[in-house]
file final32.json (JSON, C-alpha atoms)
[["chain", "number", "residue", "atom", "x", "y", "z"],
["A", 1, "MET", "CA", 137.35, 76.60, 47.53],
["A", 2, "ILE", "CA", 133.79, 77.88, 47.70],
["A", 3, "LEU", "CA", 131.51, 76.68, 50.46],
["A", 4, "ARG", "CA", 128.16, 75.86, 48.86],
["A", 5, "ILE", "CA", 126.45, 73.70, 51.45],
["A", 6, "LYS", "CA", 123.81, 75.14, 53.72],
["A", 7, "VAL", "CA", 123.97, 73.82, 57.25],
["A", 8, "TYR", "CA", 120.55, 73.78, 58.91],
["A", 9, "LEU", "CA", 120.36, 73.20, 62.62],
["A", 10, "ARG", "CA", 117.32, 72.08, 64.56],
["A", 11, "ASN", "CA", 116.33, 75.61, 65.49],
["A", 12, "GLY", "CA", 116.42, 76.69, 61.83],
["A", 13, "GLU", "CA", 119.49, 78.87, 62.10],
["A", 14, "ILE", "CA", 122.39, 78.56, 59.68],
["A", 15, "ASP", "CA", 125.77, 78.34, 61.38],
["A", 16, "LEU", "CA", 128.41, 78.37, 58.66],
["A", 17, "ASP", "CA", 131.07, 79.55, 61.10],
["A", 18, "LEU", "CA", 130.74, 76.35, 63.09],
["A", 19, "TYR", "CA", 130.74, 74.25, 59.90],
["A", 20, "ASN", "CA", 133.90, 76.00, 58.69],
["A", 21, "LYS", "CA", 135.55, 75.43, 62.09],
["A", 22, "ILE", "CA", 134.75, 71.70, 61.95],
["A", 23, "LYS", "CA", 135.97, 71.52, 58.34],
["A", 24, "PHE", "CA", 139.17, 73.42, 59.19],
["A", 25, "ASP", "CA", 139.91, 71.03, 62.06],
["A", 26, "MET", "CA", 139.20, 68.00, 59.84],
["A", 27, "GLU", "CA", 141.65, 69.29, 57.24],
["A", 28, "LYS", "CA", 144.24, 70.32, 59.83],
["A", 29, "PHE", "CA", 144.34, 67.01, 61.68],
["A", 30, "SER", "CA", 143.95, 64.71, 58.68],
["A", 31, "GLY", "CA", 146.03, 66.59, 56.09],
["A", 32, "CYS", "CA", 143.20, 66.02, 53.59],
["A", 33, "THR", "CA", 141.24, 68.73, 51.76],
["A", 34, "ASP", "CA", 139.13, 66.64, 49.36],
["A", 35, "PHE", "CA", 137.22, 64.35, 51.69],
["A", 36, "LEU", "CA", 134.55, 63.41, 49.14],
["A", 37, "TYR", "CA", 137.15, 61.95, 46.79],
["A", 38, "THR", "CA", 139.48, 60.53, 49.43],
["A", 39, "ILE", "CA", 136.77, 58.74, 51.37],
["A", 40, "TYR", "CA", 134.12, 58.00, 48.76],
["A", 41, "GLY", "CA", 135.95, 58.31, 45.42],
["A", 42, "LEU", "CA", 133.42, 60.84, 44.09],
["A", 43, "ASP", "CA", 134.57, 63.94, 42.22],
["A", 44, "ALA", "CA", 133.73, 67.15, 44.11],
["A", 45, "ASN", "CA", 133.81, 69.10, 40.82],
["A", 46, "GLU", "CA", 131.29, 66.86, 39.06],
["A", 47, "ASP", "CA", 127.91, 68.43, 38.32],
["A", 48, "TYR", "CA", 125.75, 65.73, 39.87],
["A", 49, "ASP", "CA", 122.02, 66.35, 39.68],
["A", 50, "ALA", "CA", 122.04, 65.29, 43.33],
["A", 51, "ILE", "CA", 123.99, 63.24, 45.83],
["A", 52, "ILE", "CA", 121.93, 60.41, 47.31],
["A", 53, "LEU", "CA", 122.71, 59.37, 50.88],
["A", 54, "ALA", "CA", 121.33, 56.01, 51.91],
["A", 55, "PRO", "CA", 122.36, 54.38, 55.18],
["A", 56, "SER", "CA", 122.58, 50.64, 54.54],
["A", 57, "TRP", "CA", 120.51, 50.73, 51.30],
["A", 58, "ASN", "CA", 122.40, 49.78, 48.13],
["A", 59, "PRO", "CA", 121.29, 51.36, 44.84],
["A", 60, "GLU", "CA", 120.57, 48.02, 43.15],
["A", 61, "LYS", "CA", 117.81, 47.41, 45.70],
["A", 62, "ILE", "CA", 116.40, 50.94, 45.66],
["A", 63, "PHE", "CA", 116.45, 51.37, 41.86],
["A", 64, "LYS", "CA", 115.62, 47.80, 40.81],
["A", 65, "ASN", "CA", 112.45, 48.96, 39.02],
["A", 66, "PHE", "CA", 114.17, 51.78, 37.14],
["A", 67, "ASN", "CA", 116.35, 51.77, 34.06],
["A", 68, "ALA", "CA", 119.40, 52.79, 36.07],
["A", 69, "LYS", "CA", 123.03, 52.44, 35.08],
["A", 70, "ILE", "CA", 124.94, 51.92, 38.33],
["A", 71, "GLU", "CA", 128.72, 51.86, 38.61],
["A", 72, "SER", "CA", 130.55, 51.00, 41.81],
["A", 73, "VAL", "CA", 133.19, 53.64, 42.60],
["A", 74, "LYS", "CA", 134.60, 52.61, 45.96],
["A", 75, "ILE", "CA", 133.96, 49.87, 48.48],
["A", 76, "GLY", "CA", 134.86, 50.85, 52.03],
["A", 77, "PRO", "CA", 134.70, 49.10, 55.39],
["A", 78, "TYR", "CA", 131.40, 50.79, 56.43],
["A", 79, "TYR", "CA", 130.31, 52.53, 53.24],
["A", 80, "ASN", "CA", 130.18, 52.15, 49.47],
["A", 81, "SER", "CA", 129.90, 54.75, 46.74],
["A", 82, "TYR", "CA", 128.50, 54.69, 43.23],
["A", 83, "THR", "CA", 127.71, 56.88, 40.27],
["A", 84, "MET", "CA", 124.33, 56.44, 38.63],
["A", 85, "GLN", "CA", 122.55, 57.48, 35.47],
["A", 86, "VAL", "CA", 118.75, 57.52, 35.68],
["A", 87, "ASP", "CA", 116.59, 59.23, 33.05],
["A", 88, "ASN", "CA", 119.54, 61.27, 31.70],
["A", 89, "LYS", "CA", 120.42, 62.52, 35.18],
["A", 90, "LYS", "CA", 123.69, 61.81, 36.95],
["A", 91, "TYR", "CA", 123.77, 61.03, 40.64],
["A", 92, "GLY", "CA", 126.46, 60.35, 43.18],
["A", 93, "TYR", "CA", 125.25, 57.67, 45.59],
["A", 94, "ILE", "CA", 126.79, 57.11, 49.01],
["A", 95, "GLN", "CA", 125.73, 54.08, 51.00],
["A", 96, "THR", "CA", 126.75, 55.14, 54.50],
["A", 97, "GLY", "CA", 126.78, 53.22, 57.72],
["A", 98, "ALA", "CA", 123.63, 53.48, 59.82],
["A", 99, "GLY", "CA", 123.34, 56.09, 62.53],
["A", 100, "ALA", "CA", 123.35, 59.85, 62.82],
["A", 101, "SER", "CA", 127.10, 60.17, 63.39],
["A", 102, "ASN", "CA", 127.85, 58.42, 60.09],
["A", 103, "LEU", "CA", 125.40, 60.68, 58.26],
["A", 104, "VAL", "CA", 126.82, 63.84, 59.85],
["A", 105, "ASP", "CA", 130.35, 62.82, 58.81],
["A", 106, "CYS", "CA", 129.15, 62.09, 55.28],
["A", 107, "CYS", "CA", 127.36, 65.45, 55.00],
["A", 108, "LEU", "CA", 130.51, 67.26, 56.11],
["A", 109, "THR", "CA", 132.33, 65.83, 53.07],
["A", 110, "LEU", "CA", 129.88, 67.60, 50.75],
["A", 111, "GLY", "CA", 130.78, 71.12, 51.87],
["A", 112, "ASN", "CA", 133.14, 71.97, 49.02],
["A", 113, "THR", "CA", 131.31, 70.24, 46.20],
["A", 114, "LYS", "CA", 129.14, 71.55, 43.40],
["A", 115, "CYS", "CA", 126.31, 69.53, 44.91],
["A", 116, "ASN", "CA", 123.18, 71.62, 45.41],
["A", 117, "LYS", "CA", 120.79, 68.79, 46.24],
["A", 118, "ILE", "CA", 120.99, 65.94, 48.70],
["A", 119, "ILE", "CA", 118.43, 63.15, 48.63],
["A", 120, "PHE", "CA", 118.21, 61.06, 51.78],
["A", 121, "ILE", "CA", 116.83, 57.53, 51.57],
["A", 122, "GLY", "CA", 116.24, 56.06, 54.97],
["A", 123, "ALA", "CA", 113.88, 54.04, 57.07],
["A", 124, "VAL", "CA", 111.98, 54.86, 60.21],
["A", 125, "GLY", "CA", 109.56, 53.05, 62.42],
["A", 126, "ALA", "CA", 105.83, 53.72, 62.19],
["A", 127, "LEU", "CA", 103.53, 54.31, 65.12],
["A", 128, "LYS", "CA", 100.34, 53.64, 63.16],
["A", 129, "GLU", "CA", 99.19, 50.26, 61.85],
["A", 130, "ASP", "CA", 97.95, 51.68, 58.54],
["A", 131, "ILE", "CA", 101.50, 52.68, 57.52],
["A", 132, "LYS", "CA", 103.04, 49.79, 55.63],
["A", 133, "LEU", "CA", 106.53, 49.01, 54.33],
["A", 134, "GLY", "CA", 107.21, 51.10, 51.22],
["A", 135, "ASP", "CA", 104.66, 53.82, 52.03],
["A", 136, "ILE", "CA", 105.82, 57.40, 51.53],
["A", 137, "ILE", "CA", 104.88, 59.71, 54.35],
["A", 138, "THR", "CA", 105.18, 63.44, 54.91],
["A", 139, "PRO", "CA", 105.45, 63.80, 58.67],
["A", 140, "SER", "CA", 104.11, 66.81, 60.53],
["A", 141, "LYS", "CA", 107.12, 66.57, 62.84],
["A", 142, "SER", "CA", 109.95, 64.25, 63.82],
["A", 143, "ILE", "CA", 111.57, 63.64, 67.18],
["A", 144, "ALA", "CA", 115.35, 64.04, 66.96],
["A", 145, "GLY", "CA", 116.64, 61.22, 69.12],
["A", 146, "ASP", "CA", 120.25, 61.26, 68.02],
["A", 147, "GLY", "CA", 123.14, 62.81, 69.89],
["A", 148, "ALA", "CA", 125.48, 63.39, 66.94],
["A", 149, "SER", "CA", 123.80, 66.54, 65.65],
["A", 150, "LEU", "CA", 124.09, 68.13, 69.10],
["A", 151, "TYR", "CA", 127.75, 68.65, 68.23],
["A", 152, "LEU", "CA", 126.72, 70.95, 65.38],
["A", 153, "HIS", "CA", 125.69, 73.54, 67.96],
["A", 154, "GLU", "CA", 128.27, 75.83, 69.51],
["A", 155, "ASN", "CA", 126.94, 74.96, 72.96],
["A", 156, "ILE", "CA", 126.03, 71.33, 73.49],
["A", 157, "SER", "CA", 122.92, 71.07, 75.63],
["A", 158, "ALA", "CA", 121.00, 67.98, 76.69],
["A", 159, "ASP", "CA", 117.71, 69.90, 76.39],
["A", 160, "LYS", "CA", 118.12, 69.77, 72.58],
["A", 161, "PHE", "CA", 118.01, 65.95, 72.70],
["A", 162, "GLN", "CA", 114.63, 64.62, 71.54],
["A", 163, "ALA", "CA", 113.59, 68.05, 70.28],
["A", 164, "SER", "CA", 110.74, 68.30, 67.79],
["A", 165, "VAL", "CA", 111.89, 68.98, 64.23],
["A", 166, "TYR", "CA", 109.38, 70.38, 61.74],
["A", 167, "PRO", "CA", 109.68, 70.04, 57.95],
["A", 168, "LYS", "CA", 109.82, 73.15, 55.80],
["A", 169, "VAL", "CA", 106.30, 73.82, 54.51],
["A", 170, "ASP", "CA", 107.34, 74.45, 50.89],
["A", 171, "LEU", "CA", 109.33, 71.19, 50.77],
["A", 172, "LYS", "CA", 106.40, 69.20, 52.12],
["A", 173, "GLU", "CA", 104.00, 70.83, 49.64],
["A", 174, "ASN", "CA", 106.43, 70.17, 46.76],
["A", 175, "VAL", "CA", 106.71, 66.46, 47.67],
["A", 176, "MET", "CA", 102.93, 66.20, 47.92],
["A", 177, "SER", "CA", 102.43, 67.90, 44.54],
["A", 178, "ILE", "CA", 104.95, 65.69, 42.75],
["A", 179, "ALA", "CA", 103.55, 62.52, 44.34],
["A", 180, "ASN", "CA", 100.04, 63.52, 43.25],
["A", 181, "LYS", "CA", 101.20, 64.16, 39.66],
["A", 182, "ILE", "CA", 102.82, 60.73, 39.36],
["A", 183, "GLY", "CA", 100.05, 58.87, 41.18],
["A", 184, "ILE", "CA", 101.73, 58.03, 44.46],
["A", 185, "GLU", "CA", 99.57, 58.05, 47.57],
["A", 186, "LEU", "CA", 101.08, 59.84, 50.56],
["A", 187, "LYS", "CA", 100.17, 59.24, 54.17]]
call {"tool": "encode", "arguments": {"input": "final32.json", "output": "structure tokens"}}
result
Amino acid sequence: MILRIKVYLRNGEIDLDLYNKIKFDMEKFSGCTDFLYTIYGLDANEDYDAIILAPSWNPEKIFKNFNAKIESVKIGPYYNSYTMQVDNKKYGYIQTGAGASNLVDCCLTLGNTKCNKIIFIGAVGALKEDIKLGDIITPSKSIAGDGASLYLHENISADKFQASVYPKVDLKENVMSIANKIGIELK
């Protein structure tokens, strides 16, 4: 198996050794090597244009205004999975449970897939009155208030809790450019 996922930690370093250790332990103690298929029913060898991760948001709600063909793949106790066709592109869609620990577990299942792109659809609270439901924002920074991602560091330290996380400049500029081209206002 070829590891294709990039694991980015809060400080920007890539720690594939730690990812591989976590993956090895998952396989060792569960006896499973294809978590994406076993848990979500999605084929790790499929060339999806992207995998969409959406805590609590089902694709019918998100893509109601698109000509999307959505097929349910697996219904789980805290998650559901789908395949989707939108504009001649194929997506895997995982509706995870809410919370950072569920998202971390889900991301770990993508490590041995052909997936090169992950799209996260989530919701956050706004601190400004002019930001309304449905607005797309490009934040200058986020405050990481979860504890689950602390376990992705070799040394767990409470001083990493509520650390500032900054978006990659080229990603932010790309989102802004695309939104401008298709007429979406960003805040």
call {"tool": "atom_distance", "arguments": {"input": "final32.json", "atom1": "CA of Ile182 (chain A)", "atom2": "CA of Thr138 (chain A)"}}
result
16.0 Å
call {"tool": "atom_distance", "arguments": {"input": "final32.json", "atom1": "CA of Ser142 (chain A)", "atom2": "CA of Lys160 (chain A)"}}
result
13.2 Å
call {"tool": "atom_distance", "arguments": {"input": "final32.json", "atom1": "CA of Ala54 (chain A)", "atom2": "CA of Thr96 (chain A)"}}
result
6.1 Å
call {"tool": "residues_around", "arguments": {"input": "final32.json", "residues": "Ala126 (chain A)", "least_positions_apart": "5", "cutoff": "12 Å", "atoms": "all atoms listed in the file", "output": "PyMOL selection string"}}
result
chain A and resi 131-137+139+142+187
call {"tool": "residues_around", "arguments": {"input": "final32.json", "residues": "Ser56 (chain A)", "least_positions_apart": "4", "cutoff": "7 Å", "atoms": "only C-alpha atoms", "output": "PyMOL selection string"}}
result
chain A and resi 95-98
call {"tool": "residues_near_point", "arguments": {"input": "final32.json", "point": "(136.0, 63.5, 48.5)", "cutoff": "10 Å", "atoms": "all atoms listed in the file", "output": "mmCIF file with C-alpha atoms, in the coordinates of the input"}}
result
data_model
loop_
_atom_site.group_PDB
_atom_site.id
_atom_site.type_symbol
_atom_site.label_atom_id
_atom_site.label_comp_id
_atom_site.auth_asym_id
_atom_site.auth_seq_id
_atom_site.Cartn_x
_atom_site.Cartn_y
_atom_site.Cartn_z
ATOM 1 C CA CYS A 32 143.200 66.020 53.590
ATOM 2 C CA THR A 33 141.240 68.730 51.760
ATOM 3 C CA ASP A 34 139.130 66.640 49.360
ATOM 4 C CA PHE A 35 137.220 64.350 51.690
ATOM 5 C CA LEU A 36 134.550 63.410 49.140
ATOM 6 C CA TYR A 37 137.150 61.950 46.790
ATOM 7 C CA THR A 38 139.480 60.530 49.430
ATOM 8 C CA ILE A 39 136.770 58.740 51.370
ATOM 9 C CA TYR A 40 134.120 58.000 48.760
ATOM 10 C CA GLY A 41 135.950 58.310 45.420
ATOM 11 C CA LEU A 42 133.420 60.840 44.090
ATOM 12 C CA ASP A 43 134.570 63.940 42.220
ATOM 13 C CA ALA A 44 133.730 67.150 44.110
ATOM 14 C CA ASN A 45 133.810 69.100 40.820
ATOM 15 C CA CYS A 106 129.150 62.090 55.280
ATOM 16 C CA THR A 109 132.330 65.830 53.070
ATOM 17 C CA LEU A 110 129.880 67.600 50.750
ATOM 18 C CA GLY A 111 130.780 71.120 51.870
ATOM 19 C CA ASN A 112 133.140 71.970 49.020
ATOM 20 C CA THR A 113 131.310 70.240 46.200
#
call {"tool": "residues_around", "arguments": {"input": "final32.json", "residues": "region 78-93 of chain A", "least_positions_apart": "5", "cutoff": "6 Å", "atoms": "only C-alpha atoms", "output": "PDB file with C-alpha atoms, in the frame of the given file"}}
result
ATOM      1  CA  TYR A  40     134.120  58.000  48.760  1.00  0.00           C
ATOM      2  CA  TYR A  48     125.750  65.730  39.870  1.00  0.00           C
ATOM      3  CA  ASP A  49     122.020  66.350  39.680  1.00  0.00           C
ATOM      4  CA  ALA A  50     122.040  65.290  43.330  1.00  0.00           C
ATOM      5  CA  ILE A  51     123.990  63.240  45.830  1.00  0.00           C
ATOM      6  CA  ILE A  52     121.930  60.410  47.310  1.00  0.00           C
ATOM      7  CA  ALA A  68     119.400  52.790  36.070  1.00  0.00           C
ATOM      8  CA  LYS A  69     123.030  52.440  35.080  1.00  0.00           C
ATOM      9  CA  ILE A  70     124.940  51.920  38.330  1.00  0.00           C
ATOM     10  CA  GLU A  71     128.720  51.860  38.610  1.00  0.00           C
ATOM     11  CA  SER A  72     130.550  51.000  41.810  1.00  0.00           C
ATOM     12  CA  VAL A  73     133.190  53.640  42.600  1.00  0.00           C
TER      13      VAL A  73
END
